[in-house]
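One file, start00.pdb, carrying PDB, C-alpha atoms:
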```pdb
ATOM      1  CA  ASP A   1      -9.642   8.024  16.688  1.00  0.00           C
ATOM      2  CA  GLY A   2      -6.632   8.747  14.533  1.00  0.00           C
ATOM      3  CA  GLY A   3      -6.729   7.677  10.957  1.00  0.00           C
ATOM      4  CA  ILE A   4      -7.131   8.459   7.295  1.00  0.00           C
ATOM      5  CA  THR A   5     -10.459   9.194   5.683  1.00  0.00           C
ATOM      6  CA  GLN A   6     -11.250   9.106   2.004  1.00  0.00           C
ATOM      7  CA  SER A   7     -14.481  10.279   0.540  1.00  0.00           C
ATOM      8  CA  PRO A   8     -16.605   9.286  -1.120  1.00  0.00           C
ATOM      9  CA  LYS A   9     -16.282   5.498  -1.122  1.00  0.00           C
ATOM     10  CA  TYR A  10     -17.858   5.245  -4.579  1.00  0.00           C
ATOM     11  CA  LEU A  11     -17.734   7.927  -7.253  1.00  0.00           C
ATOM     12  CA  PHE A  12     -19.281   7.965 -10.699  1.00  0.00           C
ATOM     13  CA  ARG A  13     -18.420  10.456 -13.414  1.00  0.00           C
ATOM     14  CA  LYS A  14     -18.968  10.972 -17.099  1.00  0.00           C
ATOM     15  CA  GLU A  15     -16.030  10.904 -19.438  1.00  0.00           C
ATOM     16  CA  GLY A  16     -14.500  14.336 -19.963  1.00  0.00           C
ATOM     17  CA  GLN A  17     -15.211  15.584 -16.450  1.00  0.00           C
ATOM     18  CA  ASN A  18     -12.547  16.321 -13.857  1.00  0.00           C
ATOM     19  CA  VAL A  19     -13.131  14.787 -10.448  1.00  0.00           C
ATOM     20  CA  THR A  20     -11.445  15.397  -7.084  1.00  0.00           C
ATOM     21  CA  LEU A  21     -10.921  12.661  -4.513  1.00  0.00           C
ATOM     22  CA  SER A  22     -10.593  13.685  -0.903  1.00  0.00           C
ATOM     23  CA  CYS A  23      -7.966  12.423   1.558  1.00  0.00           C
ATOM     24  CA  GLU A  24      -7.681  13.669   5.135  1.00  0.00           C
ATOM     25  CA  GLN A  25      -5.485  12.414   7.972  1.00  0.00           C
ATOM     26  CA  ASN A  26      -5.359  13.331  11.644  1.00  0.00           C
ATOM     27  CA  LEU A  27      -2.203  11.356  12.427  1.00  0.00           C
ATOM     28  CA  ASN A  28       0.005  14.438  12.189  1.00  0.00           C
ATOM     29  CA  HIS A  29       1.995  12.707   9.452  1.00  0.00           C
ATOM     30  CA  ASP A  30       4.273  14.724   7.201  1.00  0.00           C
ATOM     31  CA  ALA A  31       4.188  12.402   4.184  1.00  0.00           C
ATOM     32  CA  MET A  32       1.133  11.512   2.104  1.00  0.00           C
ATOM     33  CA  TYR A  33       0.670   9.350  -0.966  1.00  0.00           C
ATOM     34  CA  TRP A  34      -1.798   8.468  -3.690  1.00  0.00           C
ATOM     35  CA  TYR A  35      -1.891   5.031  -5.288  1.00  0.00           C
ATOM     36  CA  ARG A  36      -3.960   3.501  -8.016  1.00  0.00           C
ATOM     37  CA  GLN A  37      -5.005  -0.144  -7.911  1.00  0.00           C
ATOM     38  CA  ASP A  38      -6.569  -1.960 -10.854  1.00  0.00           C
ATOM     39  CA  PRO A  39      -8.412  -5.296 -10.479  1.00  0.00           C
ATOM     40  CA  GLY A  40      -6.040  -8.068  -9.501  1.00  0.00           C
ATOM     41  CA  GLN A  41      -3.095  -5.709  -9.635  1.00  0.00           C
ATOM     42  CA  GLY A  42      -0.650  -4.251  -7.172  1.00  0.00           C
ATOM     43  CA  LEU A  43      -0.284  -0.610  -6.220  1.00  0.00           C
ATOM     44  CA  ARG A  44       1.052   2.068  -8.529  1.00  0.00           C
ATOM     45  CA  LEU A  45       2.235   5.375  -7.086  1.00  0.00           C
ATOM     46  CA  ILE A  46       0.618   8.466  -8.589  1.00  0.00           C
ATOM     47  CA  TYR A  47       1.927  11.334  -6.455  1.00  0.00           C
ATOM     48  CA  TYR A  48       3.491  11.800  -3.052  1.00  0.00           C
ATOM     49  CA  SER A  49       4.185  14.692  -0.750  1.00  0.00           C
ATOM     50  CA  GLN A  50       6.774  14.738   1.997  1.00  0.00           C
ATOM     51  CA  ILE A  51       5.892  18.164   3.346  1.00  0.00           C
ATOM     52  CA  VAL A  52       3.276  20.870   3.001  1.00  0.00           C
ATOM     53  CA  ASN A  53       3.416  22.823  -0.271  1.00  0.00           C
ATOM     54  CA  ASP A  54       5.664  20.241  -1.904  1.00  0.00           C
ATOM     55  CA  PHE A  55       4.823  17.128  -3.909  1.00  0.00           C
ATOM     56  CA  GLN A  56       6.503  14.821  -6.392  1.00  0.00           C
ATOM     57  CA  LYS A  57       5.311  12.751  -9.328  1.00  0.00           C
ATOM     58  CA  GLY A  58       5.205   9.025  -8.900  1.00  0.00           C
ATOM     59  CA  ASP A  59       5.264   6.372 -11.584  1.00  0.00           C
ATOM     60  CA  ILE A  60       1.940   7.203 -13.245  1.00  0.00           C
ATOM     61  CA  ALA A  61       1.316  10.946 -12.680  1.00  0.00           C
ATOM     62  CA  GLU A  62       0.060  11.754 -16.179  1.00  0.00           C
ATOM     63  CA  GLY A  63      -3.565  12.876 -16.145  1.00  0.00           C
ATOM     64  CA  TYR A  64      -3.588  13.529 -12.392  1.00  0.00           C
ATOM     65  CA  SER A  65      -2.903  16.575 -10.220  1.00  0.00           C
ATOM     66  CA  VAL A  66      -2.564  17.150  -6.475  1.00  0.00           C
ATOM     67  CA  SER A  67      -2.167  19.920  -3.947  1.00  0.00           C
ATOM     68  CA  ARG A  68      -0.815  19.980  -0.395  1.00  0.00           C
ATOM     69  CA  GLU A  69      -1.890  23.254   1.156  1.00  0.00           C
ATOM     70  CA  LYS A  70      -2.489  21.753   4.596  1.00  0.00           C
ATOM     71  CA  LYS A  71      -0.624  19.035   6.438  1.00  0.00           C
ATOM     72  CA  GLU A  72      -3.757  16.976   6.962  1.00  0.00           C
ATOM     73  CA  SER A  73      -5.132  17.130   3.422  1.00  0.00           C
ATOM     74  CA  PHE A  74      -3.904  15.791   0.084  1.00  0.00           C
ATOM     75  CA  PRO A  75      -6.663  15.884  -2.566  1.00  0.00           C
ATOM     76  CA  LEU A  76      -6.210  14.151  -5.914  1.00  0.00           C
ATOM     77  CA  THR A  77      -7.802  15.462  -9.102  1.00  0.00           C
ATOM     78  CA  VAL A  78      -8.363  13.016 -11.914  1.00  0.00           C
ATOM     79  CA  THR A  79      -8.451  15.118 -15.044  1.00  0.00           C
ATOM     80  CA  SER A  80     -10.083  14.434 -18.381  1.00  0.00           C
ATOM     81  CA  ALA A  81      -6.572  13.818 -19.733  1.00  0.00           C
ATOM     82  CA  GLN A  82      -6.352  10.534 -17.822  1.00  0.00           C
ATOM     83  CA  LYS A  83      -7.055   7.943 -20.477  1.00  0.00           C
ATOM     84  CA  ASN A  84      -8.335   5.161 -18.261  1.00  0.00           C
ATOM     85  CA  PRO A  85      -9.444   6.632 -14.921  1.00  0.00           C
ATOM     86  CA  THR A  86     -11.715   3.839 -13.695  1.00  0.00           C
ATOM     87  CA  ALA A  87      -9.855   2.272 -10.761  1.00  0.00           C
ATOM     88  CA  PHE A  88      -9.609   1.965  -6.992  1.00  0.00           C
ATOM     89  CA  TYR A  89      -7.690   4.890  -5.482  1.00  0.00           C
ATOM     90  CA  LEU A  90      -5.861   4.594  -2.191  1.00  0.00           C
ATOM     91  CA  CYS A  91      -4.452   7.378  -0.069  1.00  0.00           C
ATOM     92  CA  ALA A  92      -1.775   6.737   2.540  1.00  0.00           C
ATOM     93  CA  SER A  93       0.313   8.675   5.020  1.00  0.00           C
ATOM     94  CA  SER A  94       3.447   8.113   7.036  1.00  0.00           C
ATOM     95  CA  ALA A  95       5.394   9.980   9.676  1.00  0.00           C
ATOM     96  CA  ASP A  96       8.372   9.997   7.344  1.00  0.00           C
ATOM     97  CA  SER A  97       9.012   8.477   3.937  1.00  0.00           C
ATOM     98  CA  HIS A  98      11.000   5.623   5.534  1.00  0.00           C
ATOM     99  CA  TYR A  99       8.324   4.591   8.012  1.00  0.00           C
ATOM    100  CA  GLU A 100       5.304   2.390   7.533  1.00  0.00           C
ATOM    101  CA  GLN A 101       2.430   3.792   5.562  1.00  0.00           C
ATOM    102  CA  TYR A 102      -1.128   3.869   6.840  1.00  0.00           C
ATOM    103  CA  PHE A 103      -3.926   3.594   4.325  1.00  0.00           C
ATOM    104  CA  GLY A 104      -7.390   4.991   3.973  1.00  0.00           C
ATOM    105  CA  PRO A 105     -10.367   2.820   2.956  1.00  0.00           C
ATOM    106  CA  GLY A 106     -10.099   3.805  -0.707  1.00  0.00           C
ATOM    107  CA  THR A 107     -12.364   5.418  -3.305  1.00  0.00           C
ATOM    108  CA  ARG A 108     -13.677   3.405  -6.228  1.00  0.00           C
ATOM    109  CA  LEU A 109     -14.003   5.695  -9.240  1.00  0.00           C
ATOM    110  CA  THR A 110     -16.046   4.662 -12.242  1.00  0.00           C
ATOM    111  CA  VAL A 111     -15.974   6.802 -15.371  1.00  0.00           C
ATOM    112  CA  THR A 112     -18.398   6.029 -18.192  1.00  0.00           C
TER
ATOM    113  CA  GLY B   1      17.359  -0.464  -7.846  1.00  0.00           C
ATOM    114  CA  ASP B   2      15.482  -1.578  -4.771  1.00  0.00           C
ATOM    115  CA  SER B   3      12.589  -3.968  -5.296  1.00  0.00           C
ATOM    116  CA  VAL B   4      10.388  -6.619  -3.746  1.00  0.00           C
ATOM    117  CA  THR B   5       9.395  -9.926  -5.323  1.00  0.00           C
ATOM    118  CA  GLN B   6       6.654 -12.055  -3.858  1.00  0.00           C
ATOM    119  CA  MET B   7       5.235 -15.362  -4.881  1.00  0.00           C
ATOM    120  CA  GLU B   8       2.542 -15.470  -7.503  1.00  0.00           C
ATOM    121  CA  GLY B   9      -0.954 -16.356  -6.490  1.00  0.00           C
ATOM    122  CA  PRO B  10      -3.623 -17.208  -6.098  1.00  0.00           C
ATOM    123  CA  VAL B  11      -3.094 -19.503  -3.149  1.00  0.00           C
ATOM    124  CA  THR B  12      -5.937 -21.736  -1.956  1.00  0.00           C
ATOM    125  CA  LEU B  13      -5.700 -23.578   1.357  1.00  0.00           C
ATOM    126  CA  SER B  14      -8.003 -25.567   3.569  1.00  0.00           C
ATOM    127  CA  GLU B  15      -8.802 -24.217   6.997  1.00  0.00           C
ATOM    128  CA  GLU B  16      -6.093 -25.034   9.582  1.00  0.00           C
ATOM    129  CA  ALA B  17      -3.437 -25.541   6.903  1.00  0.00           C
ATOM    130  CA  PHE B  18       0.039 -24.014   7.196  1.00  0.00           C
ATOM    131  CA  LEU B  19       0.641 -20.858   5.182  1.00  0.00           C
ATOM    132  CA  THR B  20       3.842 -19.577   3.629  1.00  0.00           C
ATOM    133  CA  ILE B  21       3.971 -16.633   1.253  1.00  0.00           C
ATOM    134  CA  ASN B  22       7.453 -15.998  -0.050  1.00  0.00           C
ATOM    135  CA  CYS B  23       8.953 -12.541  -0.308  1.00  0.00           C
ATOM    136  CA  THR B  24      12.473 -11.625  -1.356  1.00  0.00           C
ATOM    137  CA  TYR B  25      13.967  -8.210  -1.710  1.00  0.00           C
ATOM    138  CA  THR B  26      16.769  -6.318  -3.373  1.00  0.00           C
ATOM    139  CA  ALA B  27      18.136  -3.284  -1.585  1.00  0.00           C
ATOM    140  CA  THR B  28      21.356  -1.327  -1.563  1.00  0.00           C
ATOM    141  CA  GLY B  29      21.093  -0.263   2.070  1.00  0.00           C
ATOM    142  CA  TYR B  30      19.421  -1.604   5.194  1.00  0.00           C
ATOM    143  CA  PRO B  31      15.700  -1.534   4.532  1.00  0.00           C
ATOM    144  CA  SER B  32      12.746  -2.005   6.816  1.00  0.00           C
ATOM    145  CA  LEU B  33      10.346  -4.738   5.720  1.00  0.00           C
ATOM    146  CA  PHE B  34       6.574  -4.942   6.025  1.00  0.00           C
ATOM    147  CA  TRP B  35       3.614  -7.169   5.338  1.00  0.00           C
ATOM    148  CA  TYR B  36       0.250  -5.586   4.572  1.00  0.00           C
ATOM    149  CA  VAL B  37      -3.143  -7.248   4.207  1.00  0.00           C
ATOM    150  CA  GLN B  38      -6.031  -6.066   2.030  1.00  0.00           C
ATOM    151  CA  TYR B  39      -9.556  -7.410   2.501  1.00  0.00           C
ATOM    152  CA  PRO B  40     -11.962  -7.114  -0.435  1.00  0.00           C
ATOM    153  CA  GLY B  41     -12.966  -3.537  -1.185  1.00  0.00           C
ATOM    154  CA  GLU B  42     -10.814  -2.068   1.582  1.00  0.00           C
ATOM    155  CA  GLY B  43      -7.526  -0.272   2.007  1.00  0.00           C
ATOM    156  CA  LEU B  44      -4.309  -1.948   3.094  1.00  0.00           C
ATOM    157  CA  GLN B  45      -3.671  -2.659   6.757  1.00  0.00           C
ATOM    158  CA  LEU B  46      -0.228  -3.040   8.239  1.00  0.00           C
ATOM    159  CA  LEU B  47       0.076  -6.645   9.425  1.00  0.00           C
ATOM    160  CA  LEU B  48       3.632  -6.740  10.752  1.00  0.00           C
ATOM    161  CA  LYS B  49       7.057  -5.239  10.283  1.00  0.00           C
ATOM    162  CA  ALA B  50      10.763  -5.758  10.952  1.00  0.00           C
ATOM    163  CA  THR B  51      13.344  -3.022  10.908  1.00  0.00           C
ATOM    164  CA  LYS B  52      16.647  -4.885  11.078  1.00  0.00           C
ATOM    165  CA  ALA B  53      18.198  -8.223  10.283  1.00  0.00           C
ATOM    166  CA  ASP B  54      17.021 -11.203  12.375  1.00  0.00           C
ATOM    167  CA  ASP B  55      14.030  -9.258  13.704  1.00  0.00           C
ATOM    168  CA  LYS B  56      10.797 -11.223  13.750  1.00  0.00           C
ATOM    169  CA  GLY B  57       7.558  -9.376  13.202  1.00  0.00           C
ATOM    170  CA  SER B  58       4.370 -11.006  14.440  1.00  0.00           C
ATOM    171  CA  ASN B  59       0.673 -10.205  14.664  1.00  0.00           C
ATOM    172  CA  LYS B  60      -2.593 -12.188  14.740  1.00  0.00           C
ATOM    173  CA  GLY B  61      -0.723 -15.492  14.431  1.00  0.00           C
ATOM    174  CA  PHE B  62       1.291 -14.352  11.411  1.00  0.00           C
ATOM    175  CA  GLU B  63       5.075 -14.181  11.573  1.00  0.00           C
ATOM    176  CA  ALA B  64       7.930 -13.112   9.324  1.00  0.00           C
ATOM    177  CA  THR B  65      11.661 -13.025   9.983  1.00  0.00           C
ATOM    178  CA  TYR B  66      14.012 -10.541   8.352  1.00  0.00           C
ATOM    179  CA  ARG B  67      16.764 -12.711   6.822  1.00  0.00           C
ATOM    180  CA  LYS B  68      19.605 -10.637   5.475  1.00  0.00           C
ATOM    181  CA  GLU B  69      21.622 -13.628   4.301  1.00  0.00           C
ATOM    182  CA  THR B  70      18.826 -14.801   2.008  1.00  0.00           C
ATOM    183  CA  THR B  71      17.278 -11.325   1.487  1.00  0.00           C
ATOM    184  CA  SER B  72      13.901 -12.754   2.438  1.00  0.00           C
ATOM    185  CA  PHE B  73      10.898 -11.910   4.594  1.00  0.00           C
ATOM    186  CA  HIS B  74       8.518 -14.842   4.164  1.00  0.00           C
ATOM    187  CA  LEU B  75       5.094 -14.643   5.779  1.00  0.00           C
ATOM    188  CA  GLU B  76       3.944 -17.695   7.760  1.00  0.00           C
ATOM    189  CA  LYS B  77       0.951 -18.776   9.780  1.00  0.00           C
ATOM    190  CA  GLY B  78       0.576 -22.109  11.437  1.00  0.00           C
ATOM    191  CA  SER B  79      -3.164 -22.558  11.027  1.00  0.00           C
ATOM    192  CA  VAL B  80      -5.152 -20.374   8.651  1.00  0.00           C
ATOM    193  CA  GLN B  81      -8.817 -19.494   9.061  1.00  0.00           C
ATOM    194  CA  VAL B  82     -11.456 -18.562   6.523  1.00  0.00           C
ATOM    195  CA  SER B  83     -11.227 -14.992   7.811  1.00  0.00           C
ATOM    196  CA  ASP B  84      -7.589 -14.841   6.628  1.00  0.00           C
ATOM    197  CA  SER B  85      -8.755 -14.812   3.010  1.00  0.00           C
ATOM    198  CA  ALA B  86      -7.317 -11.591   1.592  1.00  0.00           C
ATOM    199  CA  VAL B  87      -4.523 -10.217  -0.548  1.00  0.00           C
ATOM    200  CA  TYR B  88      -1.127  -9.958   1.134  1.00  0.00           C
ATOM    201  CA  PHE B  89       1.513  -7.434   0.096  1.00  0.00           C
ATOM    202  CA  CYS B  90       5.185  -7.469   1.003  1.00  0.00           C
ATOM    203  CA  ALA B  91       6.829  -4.037   1.137  1.00  0.00           C
ATOM    204  CA  LEU B  92      10.219  -2.461   1.648  1.00  0.00           C
ATOM    205  CA  SER B  93      11.265   0.934   2.890  1.00  0.00           C
ATOM    206  CA  ALA B  94      14.705   1.816   1.663  1.00  0.00           C
ATOM    207  CA  SER B  95      17.196   3.505   3.899  1.00  0.00           C
ATOM    208  CA  ASN B  96      18.447   6.044   1.416  1.00  0.00           C
ATOM    209  CA  THR B  97      16.901   9.464   0.957  1.00  0.00           C
ATOM    210  CA  GLY B  98      13.725  10.391  -0.821  1.00  0.00           C
ATOM    211  CA  ASN B  99      10.512   8.468  -1.095  1.00  0.00           C
ATOM    212  CA  GLN B 100      11.611   4.885  -1.356  1.00  0.00           C
ATOM    213  CA  PHE B 101       8.744   2.616  -0.400  1.00  0.00           C
ATOM    214  CA  TYR B 102       8.235  -0.406  -2.634  1.00  0.00           C
ATOM    215  CA  PHE B 103       5.338  -2.866  -2.707  1.00  0.00           C
ATOM    216  CA  GLY B 104       5.233  -6.347  -4.132  1.00  0.00           C
ATOM    217  CA  THR B 105       2.465  -7.282  -6.541  1.00  0.00           C
ATOM    218  CA  GLY B 106       0.349  -8.984  -3.897  1.00  0.00           C
ATOM    219  CA  THR B 107      -0.614 -12.624  -3.263  1.00  0.00           C
ATOM    220  CA  SER B 108      -4.256 -13.571  -3.079  1.00  0.00           C
ATOM    221  CA  LEU B 109      -5.113 -16.140  -0.413  1.00  0.00           C
ATOM    222  CA  THR B 110      -8.394 -18.028  -0.250  1.00  0.00           C
ATOM    223  CA  VAL B 111      -9.062 -20.312   2.711  1.00  0.00           C
ATOM    224  CA  ILE B 112     -11.838 -22.855   2.254  1.00  0.00           C
ATOM    225  CA  PRO B 113     -13.709 -24.482   5.138  1.00  0.00           C
TER
END
```
Here is a file; write its structure as C-alpha cells.
Amino acid sequence: DGGITQSPKYLFRKEGQNVTLSCEQNLNHDAMYWYRQDPGQGLRLIYYSQIVNDFQKGDIAEGYSVSREKKESFPLTVTSAQKNPTAFYLCASSADSHYEQYFGPGTRLTVT
Amino acid sequence: GDSVTQMEGPVTLSEEAFLTINCTYTATGYPSLFWYVQYPGEGLQLLLKATKADDKGSNKGFEATYRKETTSFHLEKGSVQVSDSAVYFCALSASNTGNQFYFGTGTSLTVIP
C-alpha cells in the first residue's frame, strides 16, 4: 500500500531537549512538507522540499530544522529554540508542488 | 497574494440536513481547488478536487463546483450523516512557480442524530 507514515503517533519530551519526528513516503513523490496544527487552528507551513537535498523555510521555520537526504524521507527536528513546541505535526507529500498533497496520520508532540 | 477564505464554524446540523460550507479564493492565475477532511486526531484526507473552471468535484456524496465568475468552490452535501462530523479545509494550488499551496482555516462540522 502506498502512503505516508509518521512515527511515533504520540511523543513526549522534556523542555530543552531536541526531538526528531519521522516522515516516510513510498508514493515516489518529489515534494514533501511539514505543517504544524494547534488546537482549533488551521495548518501552518514549517518547511517544504521540492527535491532531494533542497528545502525551503515556510511561514514558521524558527526553532525547527529538516533534512532531505533521500526522496522518501523528510525528518523534522524540533529544537530547544522552539518556544512553544507542543502541537500536532503533519507531514505531506505531492508529486509536484502544484498537485494535491497527501497527508500522514500526524504526530502529537507534548513538551513539558 | 493568493489566498483561500472559508466560512467560520463551528457548524452543527441534524442528520439528513443539507450542508453548505462556503469557500472563496483569490488567485492571480488559474488555480486548482481542493477540499480536505480531517477526522479527530488524524491527518487530512483529500475529499475532492477541481482543476479548471466549471469542473465539479465529487466524492462520498459531497460536491463542489469551481466557479471562476464568483471565485468560489463551495462544498455541498444533500444529506449529512453523523459520520460526516469532521473539520473541512478548502485549499488552492496556484499555477505560478514555487510552492504555492494554500489552506483555509478549516470549518468544524458536527452532525447530531
Nearest to chain B: which of A:Leu21, A:Ala92, A:Val52, A:Ile60 is it, counting only C-alpha atoms?
A:Ala92
Show me, as a PyMOL selection string, every residue of chain A with an atom at most 9 Å from chain B, counting only C-alpha atoms.
chain A and resi 40-44+48-50+88+90-91+96-106+108
Decode the PyMOL selection byres ((chain B and resi 11) around 7) for the given file into explicit residues and return them as a PyMOL selection string.
chain B and resi 9-10+12-13+108-110
Result set, the PyMOL selection byres ((chain B and resi 21) around 9) on current file, as an mmCIF file with C-alpha atoms, in the coordinates of the input:
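Contents of expr_14.cif, freshly written:
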```
data_model
loop_
_atom_site.group_PDB
_atom_site.id
_atom_site.type_symbol
_atom_site.label_atom_id
_atom_site.label_comp_id
_atom_site.auth_asym_id
_atom_site.auth_seq_id
_atom_site.Cartn_x
_atom_site.Cartn_y
_atom_site.Cartn_z
ATOM 1 C CA GLN B 6 6.654 -12.055 -3.858
ATOM 2 C CA MET B 7 5.235 -15.362 -4.881
ATOM 3 C CA GLU B 8 2.542 -15.470 -7.503
ATOM 4 C CA VAL B 11 -3.094 -19.503 -3.149
ATOM 5 C CA LEU B 19 0.641 -20.858 5.182
ATOM 6 C CA THR B 20 3.842 -19.577 3.629
ATOM 7 C CA ASN B 22 7.453 -15.998 -0.050
ATOM 8 C CA CYS B 23 8.953 -12.541 -0.308
ATOM 9 C CA HIS B 74 8.518 -14.842 4.164
ATOM 10 C CA LEU B 75 5.094 -14.643 5.779
ATOM 11 C CA GLU B 76 3.944 -17.695 7.760
ATOM 12 C CA TYR B 88 -1.127 -9.958 1.134
ATOM 13 C CA THR B 107 -0.614 -12.624 -3.263
#
```
Extending 3 Å beyond the listed atoms of segment 18-30 of chain A on each side, what axis-aligned box results? I want centre and edge lengths in Å to one decimal, as AutoDock Vina command-line options.
```
--center_x -4.4 --center_y 13.8 --center_z -0.7 --size_x 23.4 --size_y 11.0 --size_z 32.3
```
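By chain and then residue number, the residues within 10 Å of Asp84 of chain B are Glu15, Val37, Tyr39, Lys60, Lys77, Ser79, Val80, Gln81, Val82, Ala86, Val87, Tyr88, Leu109, Thr110 and Val111 of chain B, counting all atoms listed in the file and disregarding those fewer than 2 positions away in sequence.
Separating atom CA of Val78 of chain A from atom CA of Tyr33 of chain A is a distance of 14.7 Å.
Here atom CA of Tyr47 of chain A is placed at a distance of 5.5 Å from atom CA of Trp34 of chain A.
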Which residues, written as a VMD selection string, have at least one atom at most 8 Å from segment 65-70 of chain A, with only C-alpha atoms counted and residues fewer than 2 positions away on the same chain left out?
chain A and resid 47 49 51 to 55 61 63 72 to 79
Keeping C-alpha atoms, export the residues of the selection given above as a short mmCIF file (atom, residue, chain, number, x, y, z; two decimals), in the coordinates of the input.
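Listed below is the output, again.cif:
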```cif
data_model
loop_
_atom_site.label_atom_id
_atom_site.label_comp_id
_atom_site.auth_asym_id
_atom_site.auth_seq_id
_atom_site.Cartn_x
_atom_site.Cartn_y
_atom_site.Cartn_z
CA TYR A 47 1.93 11.33 -6.46
CA SER A 49 4.18 14.69 -0.75
CA ILE A 51 5.89 18.16 3.35
CA VAL A 52 3.28 20.87 3.00
CA ASN A 53 3.42 22.82 -0.27
CA ASP A 54 5.66 20.24 -1.90
CA PHE A 55 4.82 17.13 -3.91
CA ALA A 61 1.32 10.95 -12.68
CA GLY A 63 -3.56 12.88 -16.14
CA GLU A 72 -3.76 16.98 6.96
CA SER A 73 -5.13 17.13 3.42
CA PHE A 74 -3.90 15.79 0.08
CA PRO A 75 -6.66 15.88 -2.57
CA LEU A 76 -6.21 14.15 -5.91
CA THR A 77 -7.80 15.46 -9.10
CA VAL A 78 -8.36 13.02 -11.91
CA THR A 79 -8.45 15.12 -15.04
#
```
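The nearest approach to Thr28 of chain B among the residues B:Glu69, B:Asp2, B:Asp55, B:Glu16, with only C-alpha atoms taken into account, belongs to B:Asp2.
Selection result for the displayed file, with the PyMOL selection byres ((chain A and resi 111) around 10) as criterion, is A:Leu11, A:Phe12, A:Arg13, A:Lys14, A:Glu15, A:Gly16, A:Gln17, A:Val19, A:Asn84, A:Pro85, A:Thr86, A:Ala87, A:Leu109, A:Thr110, A:Thr112.
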